[in-house]
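For reference, upload06.cif (mmCIF, C-alpha atoms and all ligand atoms):
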```cif
data_run
#
loop_
_atom_site.group_PDB
_atom_site.id
_atom_site.type_symbol
_atom_site.label_atom_id
_atom_site.label_comp_id
_atom_site.auth_asym_id
_atom_site.auth_seq_id
_atom_site.Cartn_x
_atom_site.Cartn_y
_atom_site.Cartn_z
ATOM 1 C CA MET A 1 -106.672 -18.893 153.871
ATOM 2 C CA SER A 2 -108.733 -18.318 150.717
ATOM 3 C CA ASN A 3 -107.612 -19.389 147.284
ATOM 4 C CA SER A 4 -105.913 -16.642 145.379
ATOM 5 C CA PHE A 5 -105.039 -16.476 141.710
ATOM 6 C CA VAL A 6 -102.576 -13.913 140.429
ATOM 7 C CA ASP A 7 -102.613 -13.680 136.650
ATOM 8 C CA PRO A 8 -99.024 -13.594 135.335
ATOM 9 C CA LEU A 9 -100.336 -11.949 132.157
ATOM 10 C CA ASP A 10 -101.819 -9.023 134.046
ATOM 11 C CA ASN A 11 -98.801 -6.830 133.576
ATOM 12 C CA PRO A 12 -98.370 -3.667 131.468
ATOM 13 C CA VAL A 13 -95.084 -4.836 129.913
ATOM 14 C CA VAL A 14 -96.663 -8.140 128.862
ATOM 15 C CA ARG A 15 -99.698 -6.335 127.406
ATOM 16 C CA GLN A 16 -97.527 -3.889 125.504
ATOM 17 C CA ASN A 17 -95.330 -6.665 124.060
ATOM 18 C CA ALA A 18 -98.420 -8.680 123.120
ATOM 19 C CA ALA A 19 -99.767 -5.694 121.186
ATOM 20 C CA THR A 20 -96.382 -5.274 119.439
ATOM 21 C CA ILE A 21 -96.314 -8.988 118.538
ATOM 22 C CA ARG A 22 -99.874 -8.912 117.167
ATOM 23 C CA GLU A 23 -99.014 -5.892 115.067
ATOM 24 C CA PHE A 24 -95.860 -7.659 113.851
ATOM 25 C CA THR A 25 -97.857 -10.711 112.685
ATOM 26 C CA GLY A 26 -100.414 -8.444 111.030
ATOM 27 C CA GLY A 27 -103.081 -9.806 113.352
ATOM 28 C CA VAL A 28 -102.566 -13.412 112.161
ATOM 29 C CA ASP A 29 -103.515 -15.777 114.984
ATOM 30 C CA VAL A 30 -100.305 -17.620 115.758
ATOM 31 C CA LYS A 31 -100.896 -20.483 118.164
ATOM 32 C CA LEU A 32 -97.502 -22.190 118.005
ATOM 33 C CA ALA A 33 -94.138 -20.752 118.987
ATOM 34 C CA VAL A 34 -90.790 -22.529 118.880
ATOM 35 C CA THR A 35 -87.622 -21.617 120.780
ATOM 36 C CA LEU A 36 -84.511 -22.375 118.806
ATOM 37 C CA GLY A 37 -81.704 -23.981 120.802
ATOM 38 C CA SER A 38 -77.969 -24.028 120.032
ATOM 39 C CA GLY A 39 -77.430 -24.968 116.427
ATOM 40 C CA VAL A 40 -81.168 -25.326 115.798
ATOM 41 C CA GLY A 41 -81.334 -21.767 114.425
ATOM 42 C CA PRO A 42 -81.316 -22.944 110.762
ATOM 43 C CA LEU A 43 -84.887 -24.142 111.345
ATOM 44 C CA ALA A 44 -85.741 -20.556 110.411
ATOM 45 C CA ASP A 45 -84.695 -21.403 106.822
ATOM 46 C CA ALA A 46 -87.709 -23.710 106.553
ATOM 47 C CA LEU A 47 -90.110 -20.754 106.941
ATOM 48 C CA THR A 48 -91.822 -18.911 104.118
ATOM 49 C CA ASP A 49 -93.098 -15.295 104.130
ATOM 50 C CA VAL A 50 -90.584 -14.506 106.839
ATOM 51 C CA LYS A 51 -90.639 -11.357 108.950
ATOM 52 C CA ARG A 52 -88.190 -10.588 111.716
ATOM 53 C CA LEU A 53 -88.527 -8.446 114.813
ATOM 54 C CA SER A 54 -85.468 -7.667 116.891
ATOM 55 C CA TYR A 55 -85.793 -8.307 120.614
ATOM 56 C CA ASP A 56 -84.751 -4.646 120.963
ATOM 57 C CA LYS A 57 -88.326 -3.734 119.976
ATOM 58 C CA LEU A 58 -89.779 -5.729 122.862
ATOM 59 C CA ALA A 59 -89.519 -4.828 126.527
ATOM 60 C CA GLU A 60 -87.633 -7.206 128.836
ATOM 61 C CA PHE A 61 -86.727 -9.648 126.100
ATOM 62 C CA PRO A 62 -83.215 -11.037 126.611
ATOM 63 C CA ARG A 63 -80.111 -9.740 124.931
ATOM 64 C CA PRO A 64 -78.303 -13.053 124.314
ATOM 65 C CA THR A 65 -74.550 -13.153 124.803
ATOM 66 C CA VAL A 66 -73.784 -16.589 123.308
ATOM 67 C CA SER A 67 -72.457 -17.212 119.812
ATOM 68 C CA GLY A 68 -75.047 -19.108 117.785
ATOM 69 C CA HIS A 69 -77.925 -17.280 119.550
ATOM 70 C CA ALA A 70 -79.217 -14.058 117.957
ATOM 71 C CA GLY A 71 -82.041 -12.141 119.550
ATOM 72 C CA GLU A 72 -85.092 -11.941 117.323
ATOM 73 C CA LEU A 73 -88.645 -13.060 116.886
ATOM 74 C CA ILE A 74 -89.257 -14.628 113.482
ATOM 75 C CA PHE A 75 -92.747 -14.904 112.074
ATOM 76 C CA GLY A 76 -93.569 -17.026 109.057
ATOM 77 C CA TYR A 77 -95.212 -20.187 107.808
ATOM 78 C CA LEU A 78 -94.068 -23.778 108.134
ATOM 79 C CA GLY A 79 -96.082 -25.214 105.270
ATOM 80 C CA LYS A 80 -99.499 -23.701 105.949
ATOM 81 C CA ALA A 81 -98.986 -23.238 109.674
ATOM 82 C CA PRO A 82 -98.235 -19.762 111.015
ATOM 83 C CA VAL A 83 -95.484 -19.920 113.635
ATOM 84 C CA ILE A 84 -93.316 -17.628 115.695
ATOM 85 C CA LEU A 85 -89.731 -18.668 116.269
ATOM 86 C CA LEU A 86 -87.812 -17.302 119.226
ATOM 87 C CA LYS A 87 -84.253 -17.055 118.063
ATOM 88 C CA GLY A 88 -82.196 -16.401 121.168
ATOM 89 C CA ARG A 89 -82.993 -17.112 124.782
ATOM 90 C CA GLU A 90 -81.217 -16.274 127.981
ATOM 91 C CA HIS A 91 -79.725 -19.110 129.974
ATOM 92 C CA HIS A 92 -79.067 -19.300 133.673
ATOM 93 C CA TYR A 93 -75.320 -19.379 132.995
ATOM 94 C CA GLU A 94 -75.357 -15.877 131.523
ATOM 95 C CA ARG A 95 -76.488 -13.919 134.600
ATOM 96 C CA GLY A 96 -77.808 -16.545 137.003
ATOM 97 C CA ASN A 97 -81.348 -15.525 136.098
ATOM 98 C CA THR A 98 -83.767 -18.420 135.592
ATOM 99 C CA LYS A 99 -86.631 -15.908 135.171
ATOM 100 C CA ALA A 100 -85.141 -14.357 132.056
ATOM 101 C CA MET A 101 -87.746 -15.901 129.753
ATOM 102 C CA ALA A 102 -90.752 -15.001 131.948
ATOM 103 C CA VAL A 103 -91.775 -11.864 130.064
ATOM 104 C CA PRO A 104 -91.160 -13.339 126.574
ATOM 105 C CA LEU A 105 -93.256 -16.440 127.317
ATOM 106 C CA ARG A 106 -96.043 -14.445 128.973
ATOM 107 C CA SER A 107 -96.047 -11.952 126.116
ATOM 108 C CA LEU A 108 -96.448 -14.751 123.575
ATOM 109 C CA LYS A 109 -99.301 -16.251 125.578
ATOM 110 C CA ALA A 110 -100.973 -12.844 125.851
ATOM 111 C CA ALA A 111 -100.589 -12.454 122.068
ATOM 112 C CA GLY A 112 -102.574 -15.677 121.557
ATOM 113 C CA VAL A 113 -99.909 -18.381 121.431
ATOM 114 C CA GLU A 114 -101.132 -21.646 122.999
ATOM 115 C CA THR A 115 -98.161 -23.990 122.688
ATOM 116 C CA ILE A 116 -94.439 -23.494 123.001
ATOM 117 C CA LEU A 117 -92.140 -26.080 121.474
ATOM 118 C CA LEU A 118 -88.827 -25.826 123.297
ATOM 119 C CA THR A 119 -85.774 -27.110 121.455
ATOM 120 C CA ASN A 120 -82.266 -27.458 122.785
ATOM 121 C CA ALA A 121 -78.940 -29.148 122.320
ATOM 122 C CA ALA A 122 -78.222 -31.768 124.947
ATOM 123 C CA GLY A 123 -75.775 -34.416 126.036
ATOM 124 C CA SER A 124 -77.065 -37.989 125.948
ATOM 125 C CA LEU A 125 -76.921 -40.325 128.925
ATOM 126 C CA LYS A 126 -77.687 -43.330 126.744
ATOM 127 C CA HIS A 127 -75.213 -44.797 124.283
ATOM 128 C CA GLU A 128 -78.064 -45.818 121.983
ATOM 129 C CA ASN A 129 -79.172 -42.166 121.619
ATOM 130 C CA ALA A 130 -76.150 -41.095 119.632
ATOM 131 C CA PRO A 131 -74.915 -37.626 118.654
ATOM 132 C CA GLY A 132 -76.928 -36.251 115.740
ATOM 133 C CA SER A 133 -80.157 -37.894 116.907
ATOM 134 C CA ILE A 134 -83.257 -36.245 118.389
ATOM 135 C CA MET A 135 -84.911 -37.046 121.719
ATOM 136 C CA LEU A 136 -88.468 -36.261 122.749
ATOM 137 C CA ILE A 137 -88.502 -34.685 126.201
ATOM 138 C CA ASP A 138 -91.232 -36.346 128.237
ATOM 139 C CA ASP A 139 -90.249 -34.955 131.650
ATOM 140 C CA HIS A 140 -87.483 -33.050 133.356
ATOM 141 C CA ILE A 141 -85.405 -32.882 136.522
ATOM 142 C CA PHE A 142 -84.751 -29.371 137.766
ATOM 143 C CA PHE A 143 -82.774 -29.566 140.996
ATOM 144 C CA SER A 144 -82.024 -25.935 141.678
ATOM 145 C CA VAL A 145 -82.724 -23.470 144.444
ATOM 146 C CA ASN A 146 -82.942 -20.872 141.712
ATOM 147 C CA ASN A 147 -86.566 -21.511 140.720
ATOM 148 C CA PRO A 148 -87.940 -19.189 138.035
ATOM 149 C CA LEU A 149 -91.171 -18.727 140.024
ATOM 150 C CA THR A 150 -89.520 -17.589 143.251
ATOM 151 C CA GLY A 151 -91.276 -14.417 144.344
ATOM 152 C CA GLU A 152 -94.449 -15.001 142.310
ATOM 153 C CA GLN A 153 -97.692 -14.422 144.170
ATOM 154 C CA GLY A 154 -100.957 -16.336 144.217
ATOM 155 C CA ASP A 155 -101.757 -19.978 144.836
ATOM 156 C CA ASN A 156 -101.308 -20.623 141.128
ATOM 157 C CA ARG A 157 -97.543 -20.343 141.698
ATOM 158 C CA PHE A 158 -97.777 -23.921 143.013
ATOM 159 C CA VAL A 159 -97.747 -25.285 139.500
ATOM 160 C CA ASP A 160 -98.685 -28.928 138.945
ATOM 161 C CA MET A 161 -95.806 -30.455 137.009
ATOM 162 C CA SER A 162 -97.132 -34.013 136.879
ATOM 163 C CA GLN A 163 -97.679 -33.726 133.120
ATOM 164 C CA ALA A 164 -95.599 -30.697 132.205
ATOM 165 C CA TYR A 165 -94.815 -31.914 128.679
ATOM 166 C CA ASP A 166 -98.164 -32.152 126.934
ATOM 167 C CA LEU A 167 -99.186 -35.734 126.237
ATOM 168 C CA ASP A 168 -101.151 -34.954 123.055
ATOM 169 C CA HIS A 169 -98.149 -33.107 121.664
ATOM 170 C CA GLN A 170 -95.884 -36.020 122.596
ATOM 171 C CA GLU A 171 -98.193 -38.381 120.750
ATOM 172 C CA SER A 172 -98.231 -36.184 117.652
ATOM 173 C CA LEU A 173 -94.467 -35.775 117.634
ATOM 174 C CA LYS A 174 -94.030 -39.538 117.931
ATOM 175 C CA ALA A 175 -96.536 -40.198 115.149
ATOM 176 C CA GLU A 176 -94.956 -37.609 112.834
ATOM 177 C CA ALA A 177 -91.453 -38.922 113.536
ATOM 178 C CA LYS A 178 -92.590 -42.449 112.737
ATOM 179 C CA ALA A 179 -94.192 -41.330 109.474
ATOM 180 C CA LEU A 180 -90.966 -39.548 108.529
ATOM 181 C CA GLY A 181 -88.770 -42.517 109.456
ATOM 182 C CA ILE A 182 -87.036 -40.504 112.194
ATOM 183 C CA THR A 183 -86.119 -42.460 115.313
ATOM 184 C CA LEU A 184 -87.433 -40.514 118.306
ATOM 185 C CA PRO A 185 -86.565 -41.997 121.680
ATOM 186 C CA GLN A 186 -88.106 -40.246 124.656
ATOM 187 C CA GLY A 187 -86.798 -39.456 128.098
ATOM 188 C CA ALA A 188 -86.288 -37.014 130.929
ATOM 189 C CA TYR A 189 -84.035 -34.002 130.498
ATOM 190 C CA MET A 190 -81.944 -33.062 133.496
ATOM 191 C CA TRP A 191 -81.063 -29.425 133.875
ATOM 192 C CA PHE A 192 -77.583 -28.337 134.907
ATOM 193 C CA PRO A 193 -76.690 -24.685 135.525
ATOM 194 C CA GLY A 194 -73.567 -24.597 133.344
ATOM 195 C CA PRO A 195 -71.671 -22.991 131.791
ATOM 196 C CA ASN A 196 -69.156 -25.768 132.421
ATOM 197 C CA PHE A 197 -70.118 -29.177 131.131
ATOM 198 C CA GLU A 198 -70.842 -31.825 133.753
ATOM 199 C CA THR A 199 -68.236 -34.040 135.368
ATOM 200 C CA PRO A 200 -68.351 -37.793 134.659
ATOM 201 C CA ALA A 201 -69.531 -38.292 138.277
ATOM 202 C CA GLU A 202 -72.401 -35.861 137.687
ATOM 203 C CA ILE A 203 -73.305 -37.735 134.524
ATOM 204 C CA ARG A 204 -73.360 -41.052 136.426
ATOM 205 C CA ALA A 205 -75.524 -39.406 139.093
ATOM 206 C CA ALA A 206 -77.951 -38.131 136.432
ATOM 207 C CA GLN A 207 -78.169 -41.660 134.985
ATOM 208 C CA VAL A 208 -78.955 -43.111 138.407
ATOM 209 C CA LEU A 209 -81.660 -40.460 138.859
ATOM 210 C CA GLY A 210 -83.363 -41.614 135.688
ATOM 211 C CA ALA A 211 -82.472 -38.869 133.229
ATOM 212 C CA SER A 212 -81.805 -39.596 129.569
ATOM 213 C CA ALA A 213 -80.220 -36.274 128.586
ATOM 214 C CA VAL A 214 -78.560 -33.272 130.212
ATOM 215 C CA GLY A 215 -78.543 -29.623 129.250
ATOM 216 C CA MET A 216 -78.464 -26.009 130.405
ATOM 217 C CA SER A 217 -81.793 -24.634 129.238
ATOM 218 C CA THR A 218 -85.472 -25.553 128.786
ATOM 219 C CA ALA A 219 -86.504 -26.668 132.299
ATOM 220 C CA PRO A 220 -86.920 -23.114 133.709
ATOM 221 C CA GLU A 221 -88.839 -22.188 130.538
ATOM 222 C CA THR A 222 -91.136 -25.176 130.932
ATOM 223 C CA ILE A 223 -91.938 -24.108 134.503
ATOM 224 C CA LEU A 224 -92.606 -20.517 133.410
ATOM 225 C CA ALA A 225 -94.684 -21.681 130.458
ATOM 226 C CA ARG A 226 -96.867 -23.982 132.573
ATOM 227 C CA HIS A 227 -97.357 -21.189 135.107
ATOM 228 C CA CYS A 228 -98.802 -18.889 132.446
ATOM 229 C CA GLY A 229 -100.927 -21.618 130.862
ATOM 230 C CA LEU A 230 -98.884 -22.442 127.777
ATOM 231 C CA ARG A 231 -98.829 -26.056 126.646
ATOM 232 C CA VAL A 232 -95.260 -27.352 126.280
ATOM 233 C CA ALA A 233 -93.520 -29.723 123.911
ATOM 234 C CA GLY A 234 -89.779 -30.363 124.000
ATOM 235 C CA LEU A 235 -87.160 -31.763 121.646
ATOM 236 C CA SER A 236 -83.457 -32.232 122.372
ATOM 237 C CA VAL A 237 -80.887 -32.474 119.650
ATOM 238 C CA ILE A 238 -78.271 -34.859 121.004
ATOM 239 C CA THR A 239 -74.872 -33.329 120.297
ATOM 240 C CA ASN A 240 -72.652 -35.571 122.409
ATOM 241 C CA LEU A 241 -72.559 -38.355 124.935
ATOM 242 C CA GLY A 242 -72.397 -37.113 128.526
ATOM 243 C CA ALA A 243 -68.955 -36.399 129.977
ATOM 244 C CA GLY A 244 -66.961 -39.565 130.515
ATOM 245 C CA MET A 245 -69.177 -41.651 128.222
ATOM 246 C CA GLY A 246 -67.454 -40.909 124.924
ATOM 247 C CA LYS A 247 -64.024 -40.164 123.559
ATOM 248 C CA THR A 248 -64.549 -36.643 122.177
ATOM 249 C CA ASP A 249 -63.808 -33.513 124.188
ATOM 250 C CA LEU A 250 -66.859 -31.386 124.920
ATOM 251 C CA SER A 251 -67.054 -27.803 123.693
ATOM 252 C CA HIS A 252 -69.617 -25.250 122.559
ATOM 253 C CA GLU A 253 -68.132 -25.436 119.064
ATOM 254 C CA GLN A 254 -68.851 -29.170 118.992
ATOM 255 C CA THR A 255 -72.398 -28.598 120.287
ATOM 256 C CA VAL A 256 -73.195 -26.178 117.464
ATOM 257 C CA ARG A 257 -71.477 -28.308 114.797
ATOM 258 C CA VAL A 258 -73.190 -31.582 115.699
ATOM 259 C CA ALA A 259 -76.576 -29.904 116.210
ATOM 260 C CA ALA A 260 -76.321 -28.788 112.585
ATOM 261 C CA GLN A 261 -76.225 -32.476 111.540
ATOM 262 C CA ALA A 262 -79.736 -32.906 112.928
ATOM 263 C CA THR A 263 -81.085 -29.760 111.266
ATOM 264 C CA GLU A 264 -82.753 -31.537 108.339
ATOM 265 C CA ASN A 265 -84.582 -33.969 110.602
ATOM 266 C CA MET A 266 -85.536 -31.174 112.994
ATOM 267 C CA LYS A 267 -86.925 -29.110 110.088
ATOM 268 C CA LYS A 268 -88.981 -32.065 108.861
ATOM 269 C CA LEU A 269 -90.256 -33.036 112.289
ATOM 270 C CA VAL A 270 -91.133 -29.531 113.458
ATOM 271 C CA THR A 271 -92.796 -28.746 110.119
ATOM 272 C CA ALA A 272 -94.918 -31.910 110.319
ATOM 273 C CA PHE A 273 -95.823 -31.138 113.927
ATOM 274 C CA ALA A 274 -96.797 -27.573 113.004
ATOM 275 C CA GLN A 275 -99.048 -28.857 110.164
ATOM 276 C CA LYS A 276 -100.790 -31.301 112.453
ATOM 277 C CA PHE A 277 -101.106 -28.622 115.114
ATOM 278 C CA ALA A 278 -102.617 -26.117 112.646
ATOM 279 C CA ALA A 279 -105.082 -28.728 111.378
ATOM 280 C CA ILE A 280 -106.241 -29.539 114.910
ATOM 281 C CA ALA A 281 -106.463 -25.842 115.840
ATOM 282 C CA ALA A 282 -108.539 -25.126 112.701
ATOM 283 C CA ALA A 283 -110.940 -27.974 113.495
ATOM 284 C CA ALA A 284 -111.396 -26.888 117.127
HETATM 285 N N1 LIG B 301 -74.181 -31.032 128.926
HETATM 286 C C1 LIG B 301 -74.895 -29.908 129.106
HETATM 287 N N2 LIG B 301 -75.359 -29.186 128.097
HETATM 288 C C2 LIG B 301 -75.131 -29.630 126.853
HETATM 289 C C3 LIG B 301 -74.408 -30.791 126.602
HETATM 290 C C4 LIG B 301 -73.910 -31.534 127.702
HETATM 291 O O1 LIG B 301 -73.257 -32.596 127.567
HETATM 292 N N3 LIG B 301 -74.356 -30.942 125.253
HETATM 293 C C5 LIG B 301 -75.038 -29.894 124.722
HETATM 294 N N4 LIG B 301 -75.508 -29.091 125.682
#
```

Could the structure of this file be written out as structure tokens, please?
Amino acid sequence: MSNSFVDPLDNPVVRQNAATIREFTGGVDVKLAVTLGSGVGPLADALTDVKRLSYDKLAEFPRPTVSGHAGELIFGYLGKAPVILLKGREHHYERGNTKAMAVPLRSLKAAGVETILLTNAAGSLKHENAPGSIMLIDDHIFFSVNNPLTGEQGDNRFVDMSQAYDLDHQESLKAEAKALGITLPQGAYMWFPGPNFETPAEIRAAQVLGASAVGMSTAPETILARHCGLRVAGLSVITNLGAGMGKTDLSHEQTVRVAAQATENMKKLVTAFAQKFAAIAAAA
């Protein structure tokens, strides 16, 4: 059988969205996009010259159903770096669709974006990574039959995930965190389908498997992003210890509230990363 490559960007909806996004940014070359996880939305406040585009204006962008997640693309500058923020994503637990972010990610790539920084709220599997802290995602575990690439064609669907989270980006995030005095442990993020939180037995299983955090997003997006050639970086805001590890009850309200405690550090870290990224992109 011969090698075949099927370009995930070769799609009229993706092309049309890319044109809409380029018009929205006034033709500014935006190379970095950031998805805003639960409670990480206030990152948008760090932007200057802000413009907003409702997902309604883009084809096959999700219509989020979760409180704390609006649906809009935000364009602006973090310091000198032009960025697009994706405020609102669709999770598996909404409709069982792990492909929901396929068109948005492909549209961004077709519009010229090179890197997606995925942020989320997550439960920690390590007592030392306490609620309110940030973890660098260096790998993930996605045990699900519901793969976002099911049904894709071409040999390029067999995506190499051996370095899914870009090493250069990991190095820059670590360096920026150090310079800012922000502790940034790293670890693997284990995806769970939700919407219920895990059981203590599931949390113990995730620990045995080598994960450092658990959550309900990000991993399908990383797979989709790698498939369409986006580089990926990932940050988890730790909002709680995994079920059974701590004394507090788990709830979405708690997730959003504790994530807000990390907002200032997230703003600083993402801004520094964006500056470094823009400087490297300009020199290239
Ligand atoms: N589990 C899954 N998702 C989460 C958690 C958790 O403990 N905390 C925030 N999002």

To test the calculation: enclose all listed atoms of ligand LIG 301 (chain B) in a box whose edges run along x, y and z, add 3 Å on each side, then state centre and edge lengths in Å to one decimal, as AutoDock Vina command-line options.
```
--center_x -74.4 --center_y -30.8 --center_z 126.9 --size_x 8.3 --size_y 9.5 --size_z 10.4
```

Point-to-point distance in Å for CA of Arg157 in chain A and CA of Ser4 in chain A: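 Going from CA of Ser4 in chain A over to CA of Arg157 in chain A covers 9.9 Å.
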
With the PyMOL selection byres (((chain A and resi 6-17) around 10) and not hetatm) as the selection, what would be picked from this file? Answer as an MDAnalysis selection string, please. chainID A and resid 4:5 18:23 57:61 102:111 152:157 224 227:229

Excluding same-chain residues fewer than 2 positions from Ile74 in chain A, what lies within 7 Å of it counting only C-alpha atoms, as a ChimeraX atom specification? /A:50-53,72,76,84-86

Rank nothing, just name the residue among A:Ala259, A:Val232, A:Ala46, A:Ala122 nearest to ligand LIG 301 (chain B), using only C-alpha atoms and all ligand atoms.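 Of all the options, A:Ala122 lies closest to ligand LIG 301 (chain B).
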
Can you fill out range 233-241 of chain A with all heavy atoms and hand it back as a short mmCIF file (atom, residue, chain, number, x, y, z; two decimals), keeping the file's coordinate frame?
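Resulting contents of rebuild_17.cif:
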```cif
data_model
loop_
_atom_site.label_atom_id
_atom_site.label_comp_id
_atom_site.auth_asym_id
_atom_site.auth_seq_id
_atom_site.Cartn_x
_atom_site.Cartn_y
_atom_site.Cartn_z
N ALA A 233 -94.12 -28.55 124.53
CA ALA A 233 -93.52 -29.72 123.91
C ALA A 233 -92.01 -29.48 123.91
O ALA A 233 -91.57 -28.33 123.89
CB ALA A 233 -94.04 -29.91 122.49
N GLY A 234 -91.23 -30.55 123.94
CA GLY A 234 -89.78 -30.36 124.00
C GLY A 234 -89.02 -31.38 123.16
O GLY A 234 -89.36 -32.57 123.16
N LEU A 235 -88.03 -30.88 122.44
CA LEU A 235 -87.16 -31.76 121.65
C LEU A 235 -85.71 -31.41 121.93
O LEU A 235 -85.33 -30.23 121.91
CB LEU A 235 -87.42 -31.56 120.14
CG LEU A 235 -88.75 -32.03 119.57
CD1 LEU A 235 -88.88 -31.58 118.11
CD2 LEU A 235 -88.91 -33.56 119.68
N SER A 236 -84.90 -32.43 122.19
CA SER A 236 -83.46 -32.23 122.37
C SER A 236 -82.72 -32.77 121.16
O SER A 236 -82.97 -33.91 120.74
CB SER A 236 -82.95 -33.02 123.59
OG SER A 236 -83.34 -32.42 124.79
N VAL A 237 -81.82 -31.96 120.65
CA VAL A 237 -80.89 -32.47 119.65
C VAL A 237 -79.68 -32.99 120.43
O VAL A 237 -79.05 -32.24 121.18
CB VAL A 237 -80.47 -31.37 118.66
CG1 VAL A 237 -79.34 -31.87 117.77
CG2 VAL A 237 -81.65 -30.92 117.84
N ILE A 238 -79.39 -34.25 120.28
CA ILE A 238 -78.27 -34.86 121.00
C ILE A 238 -76.98 -34.50 120.27
O ILE A 238 -76.80 -34.86 119.10
CB ILE A 238 -78.43 -36.39 121.08
CG1 ILE A 238 -79.74 -36.76 121.81
CG2 ILE A 238 -77.22 -37.04 121.73
CD1 ILE A 238 -79.84 -36.30 123.25
N THR A 239 -76.10 -33.77 120.96
CA THR A 239 -74.87 -33.33 120.30
C THR A 239 -73.64 -34.11 120.77
O THR A 239 -72.56 -34.00 120.19
CB THR A 239 -74.63 -31.82 120.51
OG1 THR A 239 -74.66 -31.56 121.92
CG2 THR A 239 -75.70 -31.00 119.83
N ASN A 240 -73.80 -34.83 121.87
CA ASN A 240 -72.65 -35.57 122.41
C ASN A 240 -73.15 -36.56 123.44
O ASN A 240 -74.28 -36.45 123.93
CB ASN A 240 -71.66 -34.60 123.09
CG ASN A 240 -72.34 -33.74 124.15
OD1 ASN A 240 -72.96 -32.72 123.83
ND2 ASN A 240 -72.25 -34.17 125.39
N LEU A 241 -72.28 -37.51 123.77
CA LEU A 241 -72.56 -38.35 124.94
C LEU A 241 -72.10 -37.58 126.17
O LEU A 241 -71.17 -36.76 126.09
CB LEU A 241 -71.80 -39.67 124.81
CG LEU A 241 -72.26 -40.59 123.67
CD1 LEU A 241 -71.29 -41.76 123.52
CD2 LEU A 241 -73.68 -41.10 123.89
#
```
